[in-house]
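Enquirer: My structure is below; once you've seen it, I'll send some questions.
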Amino acid sequence: MATTFFNPSDPSTNKLWSKELYRETRKKTVATKFIGATSDSLIQILDDTQKHPGDKITYTLRMQLNGAGVLGFGLLEGNEEAMTFYTNSLLIDNLRHAVKLQGSVSQQRVPWDLLNEAKIALSDWYSSRYDVALLNHLGGNSAQSSPNYTGNNLPVAPDANHQIFAGTATSEATLTSAMTFTLSLVDQCVAKAKTLTPAIRPVRLKNGEYYVMFLHPFQVQALRKSTTAGDWKDIQLAAMQGGQIEDNPIFTGALGMFNGVVLHEDARVPYGDNSQNLLHTDLGAPAAGTTSVARAIFCGAQSAVIAFGRSYNWPTKYKWVTQADDYEDQVGVAVGSVWGATKSVFNGSDFATLVVSTWAQLS
């Protein structure tokens with residue numbers, strides 16, 4: 001009697017798990033839910049490396065014209081304005097990880113499927129790695145210099161015009177315990193975003209336009225404990241108001257909304273130094289020598305870009321390999337993806353992010 005059997009390394013199984021990893025990544029992570037194909041997305045996919053060979057993408061920003069123009073019978077010839085273009089680039093590379101299962105008797109000793117657990121563990125690992133890389137970039141966490149944690153591109157520290165300090169501080173080193181996160185800093189970000197050159201555009205959805213802000217849990221705690229009238233209450237009153245928001249990932253898991261800014265909490269927001277940040281030591285420190293400092297990140301459209309290699313088409317952007325060794329008594333499970341991510345920086349300035357540095361400490 002003939003039977004049909006798919007072994008663990010069958011390509012069909014790989015494809016199934018690749019799609020499952022994509023779905024799980026979208027559910028487990030914060031930053032990746034904001035990835036989109038258009039320039040109105042917070043994190044834009046650049047598809048050049050999916051269509052053509054090469055490991056580097058250079059993309060361009062055209063600045064707005066600002067000339068006065070010519071009135072009436074004035075001579076236009078000779079008064080033309082030159083267009084200004086700035087470029088940024090990102091590299092893609094292969095990032096892989098694997099788990100090896102030792103001995104078939106191990107499966108006999110436990111009641112769960114070890115092979116399935118290995119794939120879930122790798123799914124968790126890649127889900128976390130996307131958030132770590134993207135938030136390292138968005139927060140300008142140049143203290144983390146390993147490309148393993150930065151999407152194969154080194155983060156760029158925020159420039160002076162795109163960093164805000166709580167209270168009267170002029171640097172992260174001068175922050176004190178009284179200079180915690182408040183909603184007034186959200187108002188300050190919105191006002192600054194609208195008046196910068198170029199202005200920070202909000203993320204556009206079918207039911208409106210919104211900015212997004214990522215807060216460290218200690219900054220959220222400061223908001224909850226704030227005695228300033230209306231701080232946390234205002235967030236809750238504004239949370240999820242309006243129609244059609246249930247279908248928009250920008251709102252999924254949000255703390256709430258204030259002044260058109262959707263607030264999200266994530267422990268991967270750059271925080272403290274290496275001795276403090278025991279939960280996510282892969283983030284490095286926001287700034288050398290600082291403690292009890294967190295960097296909230298205010299984001300608009302095209303805050304960051306992400307790209308994938310040609311063999312990793314959306315949504316199947318991962319390659320799964322299951323390999324038997326030692327006469328099939330050992331099984332290794334590996335996952336890899338060719339990708340890269342970076343913050344949008346043009347002419348030495350952040351394009352669509354503001355970093356808000358505050359005192360942040362568990363209390």
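To be explicit about the labels: the chains of the structure tokens are called A, B, and onward in the order shown, and within each one the residues are counted from 1, while ligands get numbers from 1 in the order they are shown.
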Would you mind listing, for every residue of segment 95-168 of chain A within 9 Å of segment 327-346 of chain A, the two atoms forming the shortest contact and the distance between them in Å to one decimal, using only C-alpha atoms, sorted by chain and ascending residue number, as JSON lines?

Expert:
{"residue": "A:Leu95", "atom": "CA", "partner": "A:Gly336", "partner_atom": "CA", "distance": 5.5}
{"residue": "A:Arg96", "atom": "CA", "partner": "A:Gly336", "partner_atom": "CA", "distance": 4.0}
{"residue": "A:His97", "atom": "CA", "partner": "A:Ala334", "partner_atom": "CA", "distance": 5.7}
{"residue": "A:Ala98", "atom": "CA", "partner": "A:Ala334", "partner_atom": "CA", "distance": 4.0}
{"residue": "A:Val99", "atom": "CA", "partner": "A:Val333", "partner_atom": "CA", "distance": 5.3}
{"residue": "A:Lys100", "atom": "CA", "partner": "A:Gly332", "partner_atom": "CA", "distance": 4.1}
{"residue": "A:Leu101", "atom": "CA", "partner": "A:Val331", "partner_atom": "CA", "distance": 5.1}
{"residue": "A:Gln102", "atom": "CA", "partner": "A:Gln330", "partner_atom": "CA", "distance": 5.0}
{"residue": "A:Gly103", "atom": "CA", "partner": "A:Asp329", "partner_atom": "CA", "distance": 5.0}
{"residue": "A:Ser104", "atom": "CA", "partner": "A:Asp329", "partner_atom": "CA", "distance": 5.4}
{"residue": "A:Val105", "atom": "CA", "partner": "A:Asp329", "partner_atom": "CA", "distance": 8.6}
{"residue": "A:Leu115", "atom": "CA", "partner": "A:Val333", "partner_atom": "CA", "distance": 7.8}
{"residue": "A:Ala118", "atom": "CA", "partner": "A:Val333", "partner_atom": "CA", "distance": 6.9}
{"residue": "A:Lys119", "atom": "CA", "partner": "A:Val333", "partner_atom": "CA", "distance": 7.0}
{"residue": "A:Leu122", "atom": "CA", "partner": "A:Val335", "partner_atom": "CA", "distance": 7.0}
{"residue": "A:Ser123", "atom": "CA", "partner": "A:Val335", "partner_atom": "CA", "distance": 8.5}
{"residue": "A:Tyr126", "atom": "CA", "partner": "A:Val335", "partner_atom": "CA", "distance": 8.6}
{"residue": "A:Tyr130", "atom": "CA", "partner": "A:Ala341", "partner_atom": "CA", "distance": 9.0}
{"residue": "A:Ala133", "atom": "CA", "partner": "A:Ala341", "partner_atom": "CA", "distance": 7.4}
{"residue": "A:Leu134", "atom": "CA", "partner": "A:Ala341", "partner_atom": "CA", "distance": 6.8}
{"residue": "A:His137", "atom": "CA", "partner": "A:Lys343", "partner_atom": "CA", "distance": 5.4}
{"residue": "A:Leu138", "atom": "CA", "partner": "A:Lys343", "partner_atom": "CA", "distance": 5.8}
{"residue": "A:Gly139", "atom": "CA", "partner": "A:Lys343", "partner_atom": "CA", "distance": 8.9}
{"residue": "A:Gly140", "atom": "CA", "partner": "A:Lys343", "partner_atom": "CA", "distance": 8.1}
{"residue": "A:Thr150", "atom": "CA", "partner": "A:Ala341", "partner_atom": "CA", "distance": 7.4}
{"residue": "A:Gly151", "atom": "CA", "partner": "A:Gly340", "partner_atom": "CA", "distance": 4.7}
{"residue": "A:Asn152", "atom": "CA", "partner": "A:Gly340", "partner_atom": "CA", "distance": 5.4}
{"residue": "A:Asn153", "atom": "CA", "partner": "A:Thr342", "partner_atom": "CA", "distance": 6.2}
{"residue": "A:Leu154", "atom": "CA", "partner": "A:Thr342", "partner_atom": "CA", "distance": 7.7}
{"residue": "A:Pro155", "atom": "CA", "partner": "A:Thr342", "partner_atom": "CA", "distance": 7.0}
{"residue": "A:Val156", "atom": "CA", "partner": "A:Lys343", "partner_atom": "CA", "distance": 7.7}

Enquirer: So how many Å separate atom CA of Phe258 of chain A and atom CA of Phe218 of chain A, to one decimal?

Expert: 18.4 Å

Enquirer: Among segment 35-213 of chain A, which ones does DSSP assign to strand (DSSP E) (computed from the backbone)? Answer as an MDAnalysis selection string.

Expert: chainID A and resid 35:36 43:46 56:62 85:91 93:102 163:165 203:205 208:213

Enquirer: Take atom CA of Tyr210 of chain A and atom CA of Ile92 of chain A and report the distance between them in Å, one decimal.

Expert: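 Computing it gives 29.4 Å between the two atoms.
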
Enquirer: Using DSSP assignments from the backbone, pull out every residue in segment 40-159 of chain A that falls under alpha helix (DSSP H) and give it to me as a ChimeraX atom specification.

Expert: /A:48-51,104-109,114-138

Enquirer: Using only C-alpha atoms, which protein or nucleic acid residues come within 12 Å of Asp40 of chain A? Drop anything in the same chain fewer than 3 positions from it, and give the result as a PDB file with C-alpha atoms, in the first residue's frame.

Expert:
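Result went into result.pdb, see below:
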ATOM      1  CA  PHE A  34       3.384  49.691  11.525  1.00  0.00           C
ATOM      2  CA  ILE A  35       5.185  48.340   8.443  1.00  0.00           C
ATOM      3  CA  GLY A  36       3.546  49.250   5.143  1.00  0.00           C
ATOM      4  CA  ALA A  37       4.289  49.648   1.463  1.00  0.00           C
ATOM      5  CA  ILE A  43       7.925  52.067   8.641  1.00  0.00           C
ATOM      6  CA  GLN A  44       8.051  51.805   4.868  1.00  0.00           C
ATOM      7  CA  ILE A  45       9.090  48.671   2.984  1.00  0.00           C
ATOM      8  CA  ILE A 200       7.028  65.504  10.368  1.00  0.00           C
ATOM      9  CA  ARG A 201       3.999  64.098   8.565  1.00  0.00           C
ATOM     10  CA  PRO A 202       1.527  61.964  10.532  1.00  0.00           C
ATOM     11  CA  VAL A 203       0.776  58.364   9.582  1.00  0.00           C
ATOM     12  CA  ARG A 204      -2.258  58.378   7.302  1.00  0.00           C
ATOM     13  CA  LEU A 205      -5.069  55.885   7.855  1.00  0.00           C
ATOM     14  CA  LYS A 206      -8.496  55.554   6.254  1.00  0.00           C
ATOM     15  CA  GLY A 208      -7.620  60.022   9.858  1.00  0.00           C
ATOM     16  CA  GLU A 209      -4.010  61.018  10.434  1.00  0.00           C
ATOM     17  CA  TYR A 210      -2.072  60.174  13.596  1.00  0.00           C
ATOM     18  CA  TYR A 211       1.354  60.337  15.128  1.00  0.00           C
ATOM     19  CA  CYS A 299       7.172  59.010  15.089  1.00  0.00           C
ATOM     20  CA  GLY A 300       5.570  60.203  11.890  1.00  0.00           C
ATOM     21  CA  ALA A 301       5.328  58.754   8.386  1.00  0.00           C
ATOM     22  CA  GLN A 302       8.536  57.216   6.981  1.00  0.00           C
ATOM     23  CA  SER A 303      10.285  57.273  10.354  1.00  0.00           C
ATOM     24  CA  ALA A 304      12.173  54.165   9.306  1.00  0.00           C
ATOM     25  CA  VAL A 305      12.569  51.860   6.319  1.00  0.00           C
ATOM     26  CA  ALA A 352      10.403  61.856  11.028  1.00  0.00           C
TER      27      ALA A 352
END
